[in-house]
>>> print(open('input37.cif').read())   # mmCIF, C-alpha atoms and all ligand atoms
data_target
loop_
_atom_site.label_atom_id
_atom_site.label_comp_id
_atom_site.auth_asym_id
_atom_site.auth_seq_id
_atom_site.Cartn_x
_atom_site.Cartn_y
_atom_site.Cartn_z
CA MET A 13 -5.07 13.85 19.66
CA ASN A 14 -2.10 13.87 22.01
CA PRO A 15 0.62 11.70 20.37
CA LYS A 16 1.48 10.05 23.70
CA ILE A 17 -2.11 8.88 24.10
CA GLN A 18 -2.14 7.72 20.52
CA ALA A 19 0.95 5.61 21.21
CA LEU A 20 -0.67 4.10 24.31
CA LYS A 21 -3.82 3.22 22.38
CA LYS A 22 -1.76 1.57 19.70
CA LYS A 23 -0.05 -0.63 22.29
CA ILE A 24 -3.39 -1.49 23.92
CA SER A 25 -4.86 -2.45 20.55
CA ASN A 26 -2.17 -5.15 20.21
CA ILE A 27 -3.18 -6.89 23.45
CA ASP A 28 -5.48 -9.88 23.12
CA TRP A 29 -6.53 -12.00 26.14
CA ILE A 30 -6.54 -10.44 29.58
CA LEU A 31 -7.27 -12.21 32.87
CA LYS A 32 -6.52 -11.69 36.55
CA GLY A 33 -5.99 -13.98 39.48
CA THR A 34 -3.52 -16.36 41.09
CA LEU A 35 -2.19 -19.75 40.03
CA LEU A 36 -1.68 -22.31 42.79
CA LYS A 37 -0.58 -25.94 42.98
CA GLN A 38 -2.70 -28.29 45.01
CA TYR A 39 -2.51 -31.92 46.12
CA LYS A 40 -5.67 -33.87 46.90
CA GLN A 41 -7.05 -37.04 48.41
CA CYS A 42 -9.37 -38.86 46.05
CA GLY A 43 -11.76 -40.33 48.61
CA LYS A 44 -11.34 -44.00 47.60
CA ASN A 45 -10.93 -46.26 50.63
CA ASN A 46 -8.31 -48.53 49.06
CA CYS A 47 -6.10 -45.74 47.64
CA HIS A 48 -2.57 -44.97 48.88
CA CYS A 49 -3.55 -41.36 49.42
CA ARG A 50 -5.50 -42.48 52.51
CA GLN A 51 -2.30 -43.53 54.27
CA ASP A 52 0.12 -40.67 53.79
CA LYS A 53 0.21 -37.14 52.48
CA LYS A 54 3.11 -38.09 50.17
CA TYR A 55 0.63 -40.22 48.14
CA TRP A 56 -1.81 -37.40 47.62
CA HIS A 57 -2.77 -36.84 43.98
CA GLY A 58 -1.48 -33.95 41.97
CA PRO A 59 -0.20 -31.39 41.62
CA TYR A 60 -3.30 -29.83 40.19
CA CYS A 61 -3.10 -26.30 38.89
CA ILE A 62 -5.71 -24.14 40.50
CA TRP A 63 -6.64 -20.68 39.34
CA THR A 64 -8.36 -18.43 41.85
CA ARG A 65 -9.86 -15.07 41.11
CA LYS A 66 -12.22 -12.56 42.70
CA GLU A 67 -15.48 -11.72 41.06
CA LYS A 68 -17.92 -9.33 42.75
CA GLY A 69 -16.29 -10.10 46.10
CA LYS A 70 -16.51 -13.88 45.66
CA THR A 71 -13.48 -16.13 45.21
CA ILE A 72 -13.83 -18.43 42.21
CA THR A 73 -11.64 -21.51 41.90
CA LYS A 74 -11.00 -23.54 38.77
CA THR A 75 -8.75 -26.50 37.98
CA LEU A 76 -6.89 -26.03 34.71
CA ASN A 77 -5.20 -28.28 32.16
CA GLN A 78 -1.68 -27.61 30.84
CA ASN A 79 -2.86 -25.73 27.75
CA GLN A 80 -5.16 -23.53 29.79
CA ILE A 81 -2.27 -22.72 32.16
CA GLN A 82 -0.16 -21.57 29.22
CA MET A 83 -2.94 -19.32 27.96
CA LEU A 84 -3.64 -18.00 31.45
CA LYS A 85 0.00 -17.05 32.08
CA LYS A 86 -0.02 -15.08 28.84
CA ALA A 87 -3.31 -13.44 29.83
CA PHE A 88 -1.85 -12.45 33.23
CA LYS A 89 1.12 -10.86 31.47
CA ASN A 90 -1.19 -9.00 29.10
CA MET A 91 -3.37 -7.81 31.98
CA LYS A 92 -0.31 -6.39 33.73
CA GLU A 93 0.78 -4.60 30.57
CA PHE A 94 -2.76 -3.29 30.04
CA ASP A 95 -2.95 -1.97 33.62
CA GLN A 96 0.43 -0.24 33.24
CA LEU A 97 -0.68 1.42 30.01
CA VAL A 98 -3.93 2.61 31.59
CA GLU A 99 -1.94 4.01 34.53
CA LYS A 100 0.23 5.99 32.09
CA TRP A 101 -2.92 7.18 30.32
CA LYS A 102 -4.35 8.39 33.64
CA MET A 103 -1.08 10.14 34.45
CA LEU A 104 -1.10 11.97 31.11
CA SER A 105 -4.71 13.00 31.73
CA LEU A 106 -3.79 14.33 35.16
CA LEU A 107 -0.89 16.34 33.73
CA HIS A 108 -3.27 17.75 31.15
CA LEU A 109 -5.80 18.67 33.82
CA GLU A 110 -3.12 20.54 35.79
CA LYS A 111 -2.33 22.65 32.71
CA ILE A 112 -5.88 23.88 32.25
CA LYS A 113 -6.03 27.50 33.37
CA PRO A 114 -9.08 29.33 34.70
CA ARG A 115 -10.96 31.47 32.22
CA LYS A 116 -10.06 35.12 32.32
CA ASP A 117 -13.15 37.30 32.33
ZN ZN B 201 -6.27 -41.48 46.03
#
>>> encode(input="input37.cif", output="C-alpha cells")
Amino acid sequence: MNPKIQALKKKISNIDWILKGTLLKQYKQCGKNNCHCRQDKKYWHGPYCIWTRKEKGKTITKTLNQNQIQMLKKAFKNMKEFDQLVEKWKMLSLLHLEKIKPRKD
C-alpha cells in the first residue's frame, strides 16, 4: 500500500468520538407567573448550552450538561481532524488517478 495512505489510516485509527454541529448559549423564560423572568430579559434563566445539528435535512436541538459539552468539543475537534485526513486521502487518490496511463495496444 501507498505509505502516505498508510500514515493517514494510522492517524484515523487514533481518533475516537466524532460529532458535528454547533454549540450555542441560550437564555429562557421558565413560564412561572411569579418568577422574575416574567418582568425583564435580564432575569431570564441560563445560559443553557444548546447543541444543534442537521440530520437528514432536519435540525435537531439538544440541551447539554457541562460534561457533555466537554466531550462534544473534543468530538468536534476530532471530526475536523477526520475530515481533513479524508480530504488528504481523496487528494492522494486523485493524484494516483492522474498517473494512470491508457493501455497501449
Ligand atoms: Zn423564571
>>> closest_atom_pairs(input="input37.cif", of="chain A", to="ligand ZN 201 (chain B)", cutoff="8 Å", atoms="all atoms listed in the file", output="CSV")
residue,atom,partner,partner_atom,distance
A:Lys40,CA,B:ZN201,ZN,7.7
A:Gln41,CA,B:ZN201,ZN,5.1
A:Cys42,CA,B:ZN201,ZN,4.1
A:Gly43,CA,B:ZN201,ZN,6.2
A:Lys44,CA,B:ZN201,ZN,5.9
A:Asn46,CA,B:ZN201,ZN,7.9
A:Cys47,CA,B:ZN201,ZN,4.6
A:His48,CA,B:ZN201,ZN,5.8
A:Cys49,CA,B:ZN201,ZN,4.3
A:Arg50,CA,B:ZN201,ZN,6.6
A:Tyr55,CA,B:ZN201,ZN,7.3
A:Trp56,CA,B:ZN201,ZN,6.3
A:His57,CA,B:ZN201,ZN,6.2
>>> closest_residue(input="input37.cif", among="A:Leu31, A:Gln38, A:Gln51, A:Phe94", to="A:Arg65", atoms="only C-alpha atoms")
A:Leu31
>>> closest_residue(input="input37.cif", among="A:Lys16, A:Lys32, A:Lys113, A:Lys22", to="A:Thr71", atoms="only C-alpha atoms")
A:Lys32
>>> atom_distance(input="input37.cif", atom1="atom CA of A:Leu109", atom2="atom CA of A:Ile27")
27.7 Å
>>> axis_aligned_box(input="input37.cif", around="stretch 66-74 of chain A", padding_each_side="6 Å", output="AutoDock Vina command-line options")
--center_x -14.5 --center_y -16.4 --center_z 42.4 --size_x 18.9 --size_y 26.2 --size_z 19.3
>>> atom_distance(input="input37.cif", atom1="atom CA of A:Leu76", atom2="atom CA of A:Leu35")
9.5 Å
>>> residues_around(input="input37.cif", residues="A:Tyr60", least_positions_apart="6", cutoff="7 Å", atoms="all atoms listed in the file", output="PyMOL selection string")
chain A and resi 37-39+75
>>> atom_distance(input="input37.cif", atom1="atom CA of A:Gln78", atom2="atom CA of A:Ile62")
11.0 Å
>>> residues_around(input="input37.cif", residues="A:Asp95", least_positions_apart="3", cutoff="12 Å", atoms="all atoms listed in the file", output="PDB file with C-alpha atoms, keeping the file's coordinate frame")
ATOM      1  CA  LEU A  20      -0.670   4.100  24.310  1.00  0.00           C
ATOM      2  CA  LYS A  23      -0.050  -0.630  22.290  1.00  0.00           C
ATOM      3  CA  ILE A  24      -3.390  -1.490  23.920  1.00  0.00           C
ATOM      4  CA  ILE A  27      -3.180  -6.890  23.450  1.00  0.00           C
ATOM      5  CA  ILE A  30      -6.540 -10.440  29.580  1.00  0.00           C
ATOM      6  CA  LEU A  31      -7.270 -12.210  32.870  1.00  0.00           C
ATOM      7  CA  LYS A  32      -6.520 -11.690  36.550  1.00  0.00           C
ATOM      8  CA  PHE A  88      -1.850 -12.450  33.230  1.00  0.00           C
ATOM      9  CA  LYS A  89       1.120 -10.860  31.470  1.00  0.00           C
ATOM     10  CA  ASN A  90      -1.190  -9.000  29.100  1.00  0.00           C
ATOM     11  CA  MET A  91      -3.370  -7.810  31.980  1.00  0.00           C
ATOM     12  CA  LYS A  92      -0.310  -6.390  33.730  1.00  0.00           C
ATOM     13  CA  VAL A  98      -3.930   2.610  31.590  1.00  0.00           C
ATOM     14  CA  GLU A  99      -1.940   4.010  34.530  1.00  0.00           C
ATOM     15  CA  LYS A 100       0.230   5.990  32.090  1.00  0.00           C
ATOM     16  CA  TRP A 101      -2.920   7.180  30.320  1.00  0.00           C
ATOM     17  CA  LYS A 102      -4.350   8.390  33.640  1.00  0.00           C
TER      18      LYS A 102
END
>>> closest_residue(input="input37.cif", among="A:Ser105, A:Gly33, A:Met83, A:Asn77", to="A:Trp63", atoms="all atoms listed in the file")
A:Gly33
>>> closest_residue(input="input37.cif", among="A:Lys111, A:Leu104, A:Gln96, A:Trp29", to="A:Pro15", atoms="all atoms listed in the file")
A:Leu104
